[in-house]
Structure formats: C-alpha cells, structure tokens
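J.: One file: input-v2.cif (mmCIF, C-alpha atoms and all ligand atoms).
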data_coords
#
loop_
_atom_site.group_PDB
_atom_site.id
_atom_site.type_symbol
_atom_site.label_atom_id
_atom_site.label_comp_id
_atom_site.auth_asym_id
_atom_site.auth_seq_id
_atom_site.Cartn_x
_atom_site.Cartn_y
_atom_site.Cartn_z
ATOM 1 C CA MET A 535 -29.984 -15.496 -10.736
ATOM 2 C CA SER A 536 -28.948 -14.212 -7.298
ATOM 3 C CA GLU A 537 -30.334 -10.868 -6.084
ATOM 4 C CA ILE A 538 -26.690 -9.972 -5.424
ATOM 5 C CA ASP A 539 -25.766 -10.310 -9.086
ATOM 6 C CA GLY A 540 -25.136 -6.840 -10.556
ATOM 7 C CA LYS A 541 -25.264 -4.990 -7.235
ATOM 8 C CA VAL A 542 -22.521 -2.461 -6.458
ATOM 9 C CA VAL A 543 -21.110 -2.919 -2.960
ATOM 10 C CA ALA A 544 -18.424 -0.890 -1.176
ATOM 11 C CA VAL A 545 -16.724 -2.616 1.763
ATOM 12 C CA THR A 546 -14.509 -0.937 4.356
ATOM 13 C CA GLY A 547 -11.865 -3.027 6.073
ATOM 14 C CA ALA A 548 -11.639 -5.167 2.923
ATOM 15 C CA SER A 549 -7.879 -5.715 3.215
ATOM 16 C CA GLY A 550 -8.260 -8.708 5.537
ATOM 17 C CA GLY A 551 -10.450 -10.795 7.812
ATOM 18 C CA ILE A 552 -14.214 -10.403 7.637
ATOM 19 C CA GLY A 553 -14.212 -7.521 5.125
ATOM 20 C CA GLU A 554 -12.048 -9.453 2.680
ATOM 21 C CA ALA A 555 -14.329 -12.499 3.010
ATOM 22 C CA ILE A 556 -17.407 -10.318 2.422
ATOM 23 C CA ALA A 557 -15.842 -8.786 -0.693
ATOM 24 C CA ARG A 558 -14.780 -12.149 -2.113
ATOM 25 C CA THR A 559 -18.123 -13.827 -1.364
ATOM 26 C CA LEU A 560 -20.225 -11.023 -2.856
ATOM 27 C CA ALA A 561 -17.972 -10.776 -5.913
ATOM 28 C CA ASP A 562 -18.299 -14.541 -6.439
ATOM 29 C CA ARG A 563 -22.063 -14.020 -6.448
ATOM 30 C CA GLY A 564 -21.887 -11.334 -9.119
ATOM 31 C CA ALA A 565 -21.539 -8.065 -7.207
ATOM 32 C CA ALA A 566 -19.141 -5.347 -8.340
ATOM 33 C CA VAL A 567 -17.077 -4.540 -5.260
ATOM 34 C CA VAL A 568 -15.184 -1.423 -4.207
ATOM 35 C CA LEU A 569 -12.533 -2.292 -1.648
ATOM 36 C CA GLY A 570 -11.577 0.236 1.036
ATOM 37 C CA ALA A 571 -8.910 0.096 3.770
ATOM 38 C CA ARG A 572 -5.534 1.699 4.468
ATOM 39 C CA ARG A 573 -3.255 -1.109 3.184
ATOM 40 C CA THR A 574 -3.459 -0.548 -0.570
ATOM 41 C CA ASP A 575 -1.127 -3.464 -1.394
ATOM 42 C CA ARG A 576 -3.438 -5.928 0.385
ATOM 43 C CA LEU A 577 -6.481 -4.421 -1.340
ATOM 44 C CA GLU A 578 -4.786 -4.738 -4.744
ATOM 45 C CA GLN A 579 -4.081 -8.395 -4.009
ATOM 46 C CA VAL A 580 -7.708 -9.127 -3.110
ATOM 47 C CA ALA A 581 -9.013 -7.168 -6.121
ATOM 48 C CA GLY A 582 -6.551 -8.959 -8.412
ATOM 49 C CA ASP A 583 -7.760 -12.361 -7.155
ATOM 50 C CA ILE A 584 -11.401 -11.365 -7.679
ATOM 51 C CA ARG A 585 -10.706 -10.152 -11.223
ATOM 52 C CA ALA A 586 -8.750 -13.327 -11.996
ATOM 53 C CA ARG A 587 -11.914 -15.278 -11.135
ATOM 54 C CA GLY A 588 -13.930 -13.167 -13.566
ATOM 55 C CA GLY A 589 -15.301 -10.764 -10.954
ATOM 56 C CA ARG A 590 -15.414 -6.963 -10.849
ATOM 57 C CA ALA A 591 -13.371 -5.189 -8.176
ATOM 58 C CA ILE A 592 -11.631 -1.851 -7.749
ATOM 59 C CA VAL A 593 -9.529 -0.449 -4.940
ATOM 60 C CA CYS A 594 -9.878 2.846 -3.098
ATOM 61 C CA THR A 595 -7.428 3.540 -0.285
ATOM 62 C CA THR A 596 -9.575 4.580 2.661
ATOM 63 C CA ASP A 597 -8.981 5.625 6.243
ATOM 64 C CA VAL A 598 -12.454 5.594 7.784
ATOM 65 C CA THR A 599 -11.440 8.188 10.378
ATOM 66 C CA VAL A 600 -11.166 10.711 7.535
ATOM 67 C CA ARG A 601 -14.572 11.850 6.283
ATOM 68 C CA GLU A 602 -13.318 12.780 2.807
ATOM 69 C CA ASP A 603 -11.991 9.233 2.323
ATOM 70 C CA LEU A 604 -15.509 7.834 2.659
ATOM 71 C CA ASP A 605 -16.832 10.478 0.258
ATOM 72 C CA ARG A 606 -14.152 9.334 -2.197
ATOM 73 C CA LEU A 607 -14.978 5.631 -1.702
ATOM 74 C CA VAL A 608 -18.651 6.225 -2.480
ATOM 75 C CA ALA A 609 -17.812 8.547 -5.391
ATOM 76 C CA ARG A 610 -15.486 5.907 -6.905
ATOM 77 C CA ALA A 611 -18.294 3.329 -6.802
ATOM 78 C CA VAL A 612 -20.658 5.695 -8.590
ATOM 79 C CA ALA A 613 -18.038 6.855 -11.117
ATOM 80 C CA GLU A 614 -16.881 3.325 -11.955
ATOM 81 C CA PHE A 615 -20.103 1.305 -11.727
ATOM 82 C CA GLY A 616 -22.862 3.935 -12.021
ATOM 83 C CA ARG A 617 -24.372 3.539 -8.544
ATOM 84 C CA LEU A 618 -23.895 2.254 -5.008
ATOM 85 C CA ASP A 619 -26.364 -0.348 -3.760
ATOM 86 C CA VAL A 620 -24.727 -1.358 -0.483
ATOM 87 C CA LEU A 621 -22.152 0.138 1.869
ATOM 88 C CA VAL A 622 -20.677 -2.429 4.254
ATOM 89 C CA SER A 623 -19.121 -0.425 7.115
ATOM 90 C CA ASN A 624 -16.951 -3.173 8.495
ATOM 91 C CA ALA A 625 -13.583 -1.591 9.391
ATOM 92 C CA GLY A 626 -12.920 -1.915 13.092
ATOM 93 C CA ILE A 627 -10.244 -2.162 15.741
ATOM 94 C CA SER A 628 -10.351 -3.743 19.173
ATOM 95 C CA LYS A 629 -8.014 -2.058 21.637
ATOM 96 C CA ILE A 630 -9.567 -3.971 24.495
ATOM 97 C CA GLY A 631 -8.329 -4.168 28.067
ATOM 98 C CA PRO A 632 -9.509 -3.427 31.601
ATOM 99 C CA MET A 633 -10.783 0.122 32.021
ATOM 100 C CA ALA A 634 -8.340 0.473 34.922
ATOM 101 C CA ASP A 635 -5.531 0.536 32.300
ATOM 102 C CA LEU A 636 -6.837 4.034 31.422
ATOM 103 C CA ASP A 637 -5.884 3.501 27.793
ATOM 104 C CA VAL A 638 -7.494 6.768 26.769
ATOM 105 C CA ASP A 639 -5.704 6.769 23.401
ATOM 106 C CA GLY A 640 -7.019 3.266 22.676
ATOM 107 C CA TRP A 641 -10.545 4.309 23.683
ATOM 108 C CA SER A 642 -10.347 7.315 21.358
ATOM 109 C CA ALA A 643 -8.992 5.199 18.518
ATOM 110 C CA MET A 644 -11.918 2.766 18.865
ATOM 111 C CA ILE A 645 -14.408 5.634 18.897
ATOM 112 C CA ASP A 646 -12.723 7.132 15.812
ATOM 113 C CA VAL A 647 -12.669 3.915 13.756
ATOM 114 C CA ASN A 648 -15.631 1.882 15.044
ATOM 115 C CA LEU A 649 -18.128 4.715 15.569
ATOM 116 C CA ARG A 650 -16.995 7.847 13.746
ATOM 117 C CA GLY A 651 -15.915 5.671 10.789
ATOM 118 C CA VAL A 652 -19.450 4.315 10.439
ATOM 119 C CA LEU A 653 -20.923 7.826 10.718
ATOM 120 C CA HIS A 654 -18.585 9.004 7.957
ATOM 121 C CA GLY A 655 -19.858 6.133 5.795
ATOM 122 C CA ILE A 656 -23.475 7.049 6.467
ATOM 123 C CA ALA A 657 -22.784 10.712 5.647
ATOM 124 C CA ALA A 658 -21.188 9.718 2.352
ATOM 125 C CA ALA A 659 -23.711 7.078 1.261
ATOM 126 C CA LEU A 660 -27.041 8.482 2.419
ATOM 127 C CA PRO A 661 -27.332 11.277 -0.203
ATOM 128 C CA VAL A 662 -26.516 8.759 -2.952
ATOM 129 C CA PHE A 663 -29.073 6.256 -1.628
ATOM 130 C CA ARG A 664 -31.719 8.993 -1.442
ATOM 131 C CA ARG A 665 -30.913 10.147 -4.989
ATOM 132 C CA GLN A 666 -31.147 6.595 -6.295
ATOM 133 C CA GLY A 667 -34.353 5.878 -4.376
ATOM 134 C CA ARG A 668 -32.797 2.911 -2.607
ATOM 135 C CA GLY A 669 -29.739 1.706 -0.734
ATOM 136 C CA HIS A 670 -28.566 -0.622 2.011
ATOM 137 C CA LEU A 671 -26.265 0.050 4.967
ATOM 138 C CA VAL A 672 -24.653 -3.024 6.503
ATOM 139 C CA THR A 673 -22.315 -2.879 9.475
ATOM 140 C CA THR A 674 -20.291 -5.343 11.508
ATOM 141 C CA VAL A 675 -21.018 -4.897 15.190
ATOM 142 C CA SER A 676 -20.348 -7.667 17.740
ATOM 143 C CA THR A 677 -21.752 -10.107 20.295
ATOM 144 C CA SER A 678 -19.551 -8.205 22.765
ATOM 145 C CA GLY A 679 -22.370 -5.649 22.805
ATOM 146 C CA LEU A 680 -24.956 -8.323 23.645
ATOM 147 C CA LYS A 681 -23.107 -10.094 26.452
ATOM 148 C CA ILE A 682 -20.971 -7.515 28.245
ATOM 149 C CA THR A 683 -17.724 -9.018 29.536
ATOM 150 C CA PRO A 684 -14.689 -7.606 31.372
ATOM 151 C CA THR A 685 -12.033 -5.908 29.156
ATOM 152 C CA MET A 686 -14.541 -5.190 26.371
ATOM 153 C CA ALA A 687 -16.469 -2.251 27.854
ATOM 154 C CA VAL A 688 -15.339 0.486 25.475
ATOM 155 C CA TYR A 689 -15.150 -1.772 22.418
ATOM 156 C CA ALA A 690 -18.681 -3.039 23.153
ATOM 157 C CA GLY A 691 -19.772 0.552 23.787
ATOM 158 C CA THR A 692 -18.682 1.598 20.296
ATOM 159 C CA LYS A 693 -20.456 -1.407 18.781
ATOM 160 C CA ASN A 694 -23.665 -0.738 20.700
ATOM 161 C CA ALA A 695 -23.515 2.919 19.715
ATOM 162 C CA VAL A 696 -23.491 1.791 16.086
ATOM 163 C CA ARG A 697 -26.353 -0.632 16.755
ATOM 164 C CA THR A 698 -28.339 2.281 18.213
ATOM 165 C CA LEU A 699 -27.645 4.701 15.408
ATOM 166 C CA LEU A 700 -28.651 2.160 12.770
ATOM 167 C CA GLU A 701 -31.942 1.567 14.558
ATOM 168 C CA GLY A 702 -32.472 5.333 14.813
ATOM 169 C CA LEU A 703 -31.749 5.716 11.127
ATOM 170 C CA ARG A 704 -34.153 2.873 10.365
ATOM 171 C CA GLN A 705 -36.907 4.612 12.321
ATOM 172 C CA GLU A 706 -36.273 7.795 10.317
ATOM 173 C CA SER A 707 -36.283 5.924 6.998
ATOM 174 C CA THR A 708 -39.605 4.139 6.750
ATOM 175 C CA ASP A 709 -40.297 5.617 3.312
ATOM 176 C CA GLY A 710 -38.850 2.439 1.798
ATOM 177 C CA VAL A 711 -35.594 3.920 0.476
ATOM 178 C CA LEU A 712 -33.103 2.614 3.015
ATOM 179 C CA ARG A 713 -32.428 -0.820 4.510
ATOM 180 C CA THR A 714 -30.111 -1.221 7.492
ATOM 181 C CA THR A 715 -28.485 -4.406 8.785
ATOM 182 C CA ALA A 716 -26.290 -4.850 11.863
ATOM 183 C CA VAL A 717 -24.400 -8.137 11.880
ATOM 184 C CA SER A 718 -23.090 -9.290 15.278
ATOM 185 C CA PRO A 719 -20.425 -11.980 15.057
ATOM 186 C CA GLY A 720 -18.896 -13.780 18.022
ATOM 187 C CA PHE A 721 -15.316 -15.088 17.794
ATOM 188 C CA VAL A 722 -14.141 -15.065 14.169
ATOM 189 C CA ARG A 723 -10.754 -16.290 12.911
ATOM 190 C CA THR A 724 -9.089 -13.015 11.803
ATOM 191 C CA ASP A 725 -6.172 -10.753 12.730
ATOM 192 C CA LEU A 726 -8.343 -8.615 15.047
ATOM 193 C CA ALA A 727 -6.393 -9.658 18.168
ATOM 194 C CA GLY A 728 -3.352 -7.971 16.592
ATOM 195 C CA SER A 729 -4.817 -4.563 17.465
ATOM 196 C CA ILE A 730 -4.937 -5.398 21.206
ATOM 197 C CA ASP A 731 -2.071 -3.663 23.025
ATOM 198 C CA ASN A 732 -2.540 -5.355 26.439
ATOM 199 C CA LEU A 733 -0.441 -8.509 25.921
ATOM 200 C CA GLU A 734 -2.266 -10.584 28.526
ATOM 201 C CA VAL A 735 -5.667 -9.775 27.042
ATOM 202 C CA ARG A 736 -4.336 -10.306 23.527
ATOM 203 C CA ALA A 737 -3.070 -13.803 24.436
ATOM 204 C CA GLU A 738 -6.433 -14.692 26.009
ATOM 205 C CA ILE A 739 -8.426 -13.533 22.965
ATOM 206 C CA GLN A 740 -5.984 -15.268 20.617
ATOM 207 C CA ARG A 741 -6.489 -18.492 22.605
ATOM 208 C CA GLY A 742 -10.242 -18.224 22.048
ATOM 209 C CA ILE A 743 -9.724 -17.560 18.337
ATOM 210 C CA ASP A 744 -7.367 -20.540 17.988
ATOM 211 C CA GLU A 745 -9.640 -22.887 19.923
ATOM 212 C CA PHE A 746 -13.124 -22.238 18.586
ATOM 213 C CA ALA A 747 -13.498 -19.201 16.295
ATOM 214 C CA ILE A 748 -15.586 -19.544 13.138
ATOM 215 C CA ALA A 749 -14.344 -18.701 9.643
ATOM 216 C CA PRO A 750 -14.855 -15.141 8.295
ATOM 217 C CA GLU A 751 -16.788 -16.677 5.394
ATOM 218 C CA ALA A 752 -19.579 -17.493 7.869
ATOM 219 C CA VAL A 753 -20.061 -13.755 8.455
ATOM 220 C CA ALA A 754 -19.842 -13.119 4.722
ATOM 221 C CA ARG A 755 -22.673 -15.609 4.107
ATOM 222 C CA ALA A 756 -24.804 -13.800 6.705
ATOM 223 C CA VAL A 757 -24.162 -10.462 4.982
ATOM 224 C CA ALA A 758 -25.019 -12.027 1.613
ATOM 225 C CA PHE A 759 -28.290 -13.331 3.106
ATOM 226 C CA ALA A 760 -29.286 -9.817 4.186
ATOM 227 C CA ILE A 761 -28.381 -8.292 0.815
ATOM 228 C CA GLU A 762 -30.076 -10.926 -1.312
ATOM 229 C CA GLN A 763 -33.536 -10.341 0.193
ATOM 230 C CA PRO A 764 -35.968 -8.417 -1.998
ATOM 231 C CA HIS A 765 -35.821 -4.681 -1.265
ATOM 232 C CA ASP A 766 -39.105 -4.704 0.695
ATOM 233 C CA VAL A 767 -37.545 -7.127 3.214
ATOM 234 C CA GLU A 768 -35.086 -5.722 5.734
ATOM 235 C CA ILE A 769 -32.948 -8.049 7.830
ATOM 236 C CA GLY A 770 -32.285 -5.678 10.735
ATOM 237 C CA GLU A 771 -30.022 -7.793 12.936
ATOM 238 C CA ILE A 772 -28.105 -11.026 12.553
ATOM 239 C CA VAL A 773 -26.253 -12.670 15.458
ATOM 240 C CA LEU A 774 -23.866 -15.507 14.661
ATOM 241 C CA ARG A 775 -21.268 -17.076 16.894
ATOM 242 C CA PRO A 776 -19.392 -20.343 17.345
ATOM 243 C CA THR A 777 -21.827 -22.974 18.584
ATOM 244 C CA VAL A 778 -19.583 -23.531 21.622
ATOM 245 C CA GLN A 779 -19.187 -19.841 22.553
ATOM 246 C CA GLY A 780 -20.623 -18.936 25.965
HETATM 247 N N1 LIG B 801 -12.845 -11.182 14.600
HETATM 248 C C1 LIG B 801 -13.826 -11.194 15.469
HETATM 249 O O1 LIG B 801 -13.894 -12.084 16.335
HETATM 250 C C2 LIG B 801 -14.917 -10.151 15.409
HETATM 251 C C3 LIG B 801 -16.058 -10.360 16.180
HETATM 252 C C4 LIG B 801 -17.077 -9.407 16.147
HETATM 253 C C5 LIG B 801 -16.940 -8.267 15.372
HETATM 254 N N2 LIG B 801 -15.808 -8.082 14.640
HETATM 255 C C6 LIG B 801 -15.720 -6.847 13.845
HETATM 256 O O2 LIG B 801 -15.546 -7.195 12.498
HETATM 257 C C7 LIG B 801 -14.899 -6.134 11.808
HETATM 258 C C8 LIG B 801 -13.728 -6.685 10.999
HETATM 259 O O3 LIG B 801 -12.737 -7.160 11.892
HETATM 260 P P1 LIG B 801 -11.838 -8.436 11.584
HETATM 261 O O4 LIG B 801 -12.120 -9.420 12.649
HETATM 262 O O5 LIG B 801 -11.935 -8.821 10.173
HETATM 263 O O6 LIG B 801 -10.404 -7.808 11.931
HETATM 264 P P2 LIG B 801 -9.072 -7.591 11.067
HETATM 265 O O7 LIG B 801 -8.683 -8.858 10.410
HETATM 266 O O8 LIG B 801 -8.139 -6.929 12.005
HETATM 267 O O9 LIG B 801 -9.554 -6.564 9.953
HETATM 268 C C9 LIG B 801 -9.841 -5.231 10.285
HETATM 269 C C10 LIG B 801 -10.006 -4.452 9.003
HETATM 270 O O10 LIG B 801 -10.305 -3.096 9.345
HETATM 271 C C11 LIG B 801 -9.429 -2.260 8.601
HETATM 272 N N3 LIG B 801 -9.175 -1.003 9.320
HETATM 273 C C12 LIG B 801 -8.692 -0.809 10.585
HETATM 274 N N4 LIG B 801 -8.577 0.507 10.824
HETATM 275 C C13 LIG B 801 -9.002 1.160 9.711
HETATM 276 C C14 LIG B 801 -9.122 2.520 9.337
HETATM 277 N N5 LIG B 801 -8.778 3.512 10.162
HETATM 278 N N6 LIG B 801 -9.604 2.811 8.095
HETATM 279 C C15 LIG B 801 -9.938 1.838 7.240
HETATM 280 N N7 LIG B 801 -9.853 0.526 7.530
HETATM 281 C C16 LIG B 801 -9.381 0.202 8.749
HETATM 282 C C17 LIG B 801 -8.156 -3.058 8.402
HETATM 283 O O11 LIG B 801 -7.491 -2.620 7.226
HETATM 284 P P3 LIG B 801 -6.184 -1.683 7.182
HETATM 285 O O12 LIG B 801 -5.338 -2.025 8.371
HETATM 286 O O13 LIG B 801 -5.574 -2.058 5.861
HETATM 287 O O14 LIG B 801 -6.709 -0.284 7.178
HETATM 288 C C18 LIG B 801 -8.738 -4.444 8.158
HETATM 289 O O15 LIG B 801 -9.090 -4.605 6.802
HETATM 290 C C19 LIG B 801 -14.493 -5.129 12.883
HETATM 291 O O16 LIG B 801 -15.434 -4.081 12.916
HETATM 292 C C20 LIG B 801 -14.551 -5.938 14.166
HETATM 293 O O17 LIG B 801 -14.783 -5.130 15.274
HETATM 294 C C21 LIG B 801 -14.800 -8.993 14.637
#
Could you render the structure as structure tokens?

T.:
Amino acid sequence: MSEIDGKVVAVTGASGGIGEAIARTLADRGAAVVLGARRTDRLEQVAGDIRARGGRAIVCTTDVTVREDLDRLVARAVAEFGRLDVLVSNAGISKIGPMADLDVDGWSAMIDVNLRGVLHGIAAALPVFRRQGRGHLVTTVSTSGLKITPTMAVYAGTKNAVRTLLEGLRQESTDGVLRTTAVSPGFVRTDLAGSIDNLEVRAEIQRGIDEFAIAPEAVARAVAFAIEQPHDVEIGEIVLRPTVQG
C-alpha cells in the first residue's frame, strides 16, 4: 500500500495545470484531496472526475491572497476528513516582463499570490500540524530562481523568497513534526503564460512551452515522491526540467 493512501492533502491552484495534476495523481494513489482556487466551476469539475474514479475530493473556493480563505481551506480538510497531512501551496502567477516596464501592479500581484499566499498557507496549516504532531508543507517554486534570466527577476524573486522561508522554517522545526519540500519545475505545459501581460514576453514563453515543456504530471509525480517517503525522511528540494532546457 502506498504511503499516500489515506493521507489528507489540500492543494491550492488545483483548478488547472500543475495543481490539478497533483490533485488527480494523489487522489489516484488514495489521498483525500481538498481543492482550492478561485474558479469554483473548474474545481467542481476536477473533484467530480476524481469522485467518479472512486477517489475522495472536496472543493473549497480559495483566493490565496486572503488569509481567511486559507484558514477555511485547512478547516474544511479537518472538518471533512479529520486531519490535514499535507498542504501543497502551488497557486502562482507569472506577470513577467523586463523591469524597465515598471509593472508595479504586476510585481505586487506576484508578491501577493506567490509569496503572501504561501505565508497565508503556512499560518493556517502550522497550528494544525503542531496539534497533530506531524505535517508536510510542499510548495511549487521554479527553476527561474536557480538560473536568473531577463524578464523573470521579480517572479524569480518571489520564488526564491519562498525557497528561503521554507528553509528557515525547516531550521526552526527540527523536532520532527514538520517536513518541508520545495519543488522547482522548469517549463511545464500549463496555462501559466496566460497571466503574462507583456505580449512579446508571453509569445516567447508560449513558444518554449509549445516546443519542449514537460507534462504537469511529471511535477505531480515528484510531489508524490516527496509525500510517500516515511515521515523521518524529508525531501527538501526537487528540481525537474525538460531534458533539453538550458
Ligand atoms: N508552468 C510552468 O512552466 C511552471 C514552472 C515553474 C513553476 N511553476 C509554478 O507552478 C505553479 C502552478 O502554475 P501552473 O503552471 O499550473 O499555472 P496555471 O495553469 O496558470 O495554474 C495556476 C493556478 O493558480 C491558481 N491561482 C492563481 N491565482 C490565485 C489566487 N489568487 N488564489 C488561488 N489560486 C490562484 C489558478 O486558479 P484560479 O485562477 O482558479 O484561482 C490556477 O489553478 C505556480 O506557482 C507557478 O509559478 C510553473
């Protein structure tokens, strides 16, 4: 039996792309999943598919920029399934472009979703993990934080901020209660380019996605690998990218 079987996992950004793939993959392996994102209709569709395959899934409309929404997501998991084993903070946007564009609103939006959203998740889940005596925080960061490239400075900055805060949290949590995992994907075939407002940059990223991006299920398998380890084994970082990505 898989270590994932019976675990309760909440996933933000589960209405599409990587988050949806994570939810479907973990549910297929026996996890009960709580799906969070803003588009409730998409979440209902994913949850309906999972249930039709014999899995357990519920929906909780969540905007990660709103702290109370994360509190509600975690509370729903506990109310419905009795506990929360894993929070996958995956929701993210990529309003990338040259810094000279001075897209201050886009920068703020990325900080709000990619960084503050993860902090809201930690604030909601940590007390539950401590009460239970164990828990696992997983987050989707990015290879853009490992190889810094033009147009991605602020996006990569938010991802590296999350990488840093997870490592800090890990250092503060060596009593064996908490595991943390930061997964860094390269180009993945999703709708992420849709959130890029600079049309030239969007077309360039979309070209990369069309030409060589990997499937979101590849990221989901990496997340499953981290979760399925015994609790005394923490997979701190996973980097996965298309074999041909520079
Ligand atoms: N695709 C890539 O190449 C790639 C590479 C490295 C890292 N990543 C990271 O992977 C994560 C998932 O991205 P993706 O590629 O799957 O993109 P995607 O297809 O655009 O999915 C993004 C998800 O985030 C959700 N979201 C956006 N804003 C939100 C908010 N305020 N509150 C709650 N949910 C919100 C969206 O749902 P709603 O719109 O319904 O709210 C959607 O489910 C992101 O953190 C991204 O930065 C992606």

J.: Written as a tab-separated table (two decimals) with C-alpha atoms, in the frame of the given file, which residues does the PyMOL selection byres (((not hetatm)) within 8 of (chain B and resi 801)) give for the file shown?

T.:
chain	number	residue	atom	x	y	z
A	546	THR	CA	-14.51	-0.94	4.36
A	547	GLY	CA	-11.86	-3.03	6.07
A	548	ALA	CA	-11.64	-5.17	2.92
A	549	SER	CA	-7.88	-5.72	3.22
A	550	GLY	CA	-8.26	-8.71	5.54
A	551	GLY	CA	-10.45	-10.80	7.81
A	552	ILE	CA	-14.21	-10.40	7.64
A	553	GLY	CA	-14.21	-7.52	5.12
A	554	GLU	CA	-12.05	-9.45	2.68
A	570	GLY	CA	-11.58	0.24	1.04
A	571	ALA	CA	-8.91	0.10	3.77
A	572	ARG	CA	-5.53	1.70	4.47
A	573	ARG	CA	-3.26	-1.11	3.18
A	574	THR	CA	-3.46	-0.55	-0.57
A	576	ARG	CA	-3.44	-5.93	0.38
A	577	LEU	CA	-6.48	-4.42	-1.34
A	596	THR	CA	-9.57	4.58	2.66
A	597	ASP	CA	-8.98	5.62	6.24
A	598	VAL	CA	-12.45	5.59	7.78
A	599	THR	CA	-11.44	8.19	10.38
A	623	SER	CA	-19.12	-0.42	7.12
A	624	ASN	CA	-16.95	-3.17	8.49
A	625	ALA	CA	-13.58	-1.59	9.39
A	626	GLY	CA	-12.92	-1.92	13.09
A	627	ILE	CA	-10.24	-2.16	15.74
A	628	SER	CA	-10.35	-3.74	19.17
A	646	ASP	CA	-12.72	7.13	15.81
A	647	VAL	CA	-12.67	3.92	13.76
A	648	ASN	CA	-15.63	1.88	15.04
A	651	GLY	CA	-15.92	5.67	10.79
A	673	THR	CA	-22.32	-2.88	9.48
A	674	THR	CA	-20.29	-5.34	11.51
A	675	VAL	CA	-21.02	-4.90	15.19
A	676	SER	CA	-20.35	-7.67	17.74
A	677	THR	CA	-21.75	-10.11	20.30
A	678	SER	CA	-19.55	-8.20	22.76
A	689	TYR	CA	-15.15	-1.77	22.42
A	693	LYS	CA	-20.46	-1.41	18.78
A	718	SER	CA	-23.09	-9.29	15.28
A	719	PRO	CA	-20.42	-11.98	15.06
A	720	GLY	CA	-18.90	-13.78	18.02
A	721	PHE	CA	-15.32	-15.09	17.79
A	722	VAL	CA	-14.14	-15.06	14.17
A	723	ARG	CA	-10.75	-16.29	12.91
A	724	THR	CA	-9.09	-13.02	11.80
A	725	ASP	CA	-6.17	-10.75	12.73
A	726	LEU	CA	-8.34	-8.62	15.05
A	727	ALA	CA	-6.39	-9.66	18.17
A	728	GLY	CA	-3.35	-7.97	16.59
A	729	SER	CA	-4.82	-4.56	17.46
A	743	ILE	CA	-9.72	-17.56	18.34
A	747	ALA	CA	-13.50	-19.20	16.30
A	750	PRO	CA	-14.86	-15.14	8.30

J.: Translate the PyMOL selection byres (((chain A and resi 752-764) around 7) and not hetatm) into a concrete residue list for this structure, as a CSV table (one decimal) with C-alpha atoms, in the coordinates of the input.

T.:
chain,number,residue,atom,x,y,z
A,536,SER,CA,-28.9,-14.2,-7.3
A,537,GLU,CA,-30.3,-10.9,-6.1
A,538,ILE,CA,-26.7,-10.0,-5.4
A,552,ILE,CA,-14.2,-10.4,7.6
A,555,ALA,CA,-14.3,-12.5,3.0
A,556,ILE,CA,-17.4,-10.3,2.4
A,559,THR,CA,-18.1,-13.8,-1.4
A,560,LEU,CA,-20.2,-11.0,-2.9
A,719,PRO,CA,-20.4,-12.0,15.1
A,748,ILE,CA,-15.6,-19.5,13.1
A,749,ALA,CA,-14.3,-18.7,9.6
A,750,PRO,CA,-14.9,-15.1,8.3
A,751,GLU,CA,-16.8,-16.7,5.4
A,765,HIS,CA,-35.8,-4.7,-1.3
A,766,ASP,CA,-39.1,-4.7,0.7
A,767,VAL,CA,-37.5,-7.1,3.2
A,769,ILE,CA,-32.9,-8.0,7.8

J.: If we count all atoms listed in the file, what is near Arg650 in chain A at a cut-off of 10 Å, once residues fewer than 4 positions away on the same chain are taken out, given as a ChimeraX atom specification?

T.: /A:598-601,643-646,654-656,692,696

J.: Once the PyMOL selection byres (((chain A and resi 664) around 12) and not hetatm) has been applied to the shown file, what residues remain in the selection, as a ChimeraX atom specification?

T.: /A:617-619,656-663,665-670,707,709-713

J.: Please measure the separation of CA of Thr708 in chain A and CA of Ala566 in chain A, giving the value in Å to one decimal.

T.: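 Going from CA of Thr708 in chain A over to CA of Ala566 in chain A, I get 27.1 Å.
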
J.: For Glu768 in chain A, which residue out of A:Asp603, A:Val672, A:Glu745, A:Asp637 is the nearest one, using all atoms listed in the file?

T.: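 Under the stated criterion, the closest residue is A:Val672.
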
J.: Smallest atom-to-atom distance to Val688 in chain A: which of A:Ala716, A:Val568, A:Val638, A:Val652, using only C-alpha atoms?

T.: A:Val638
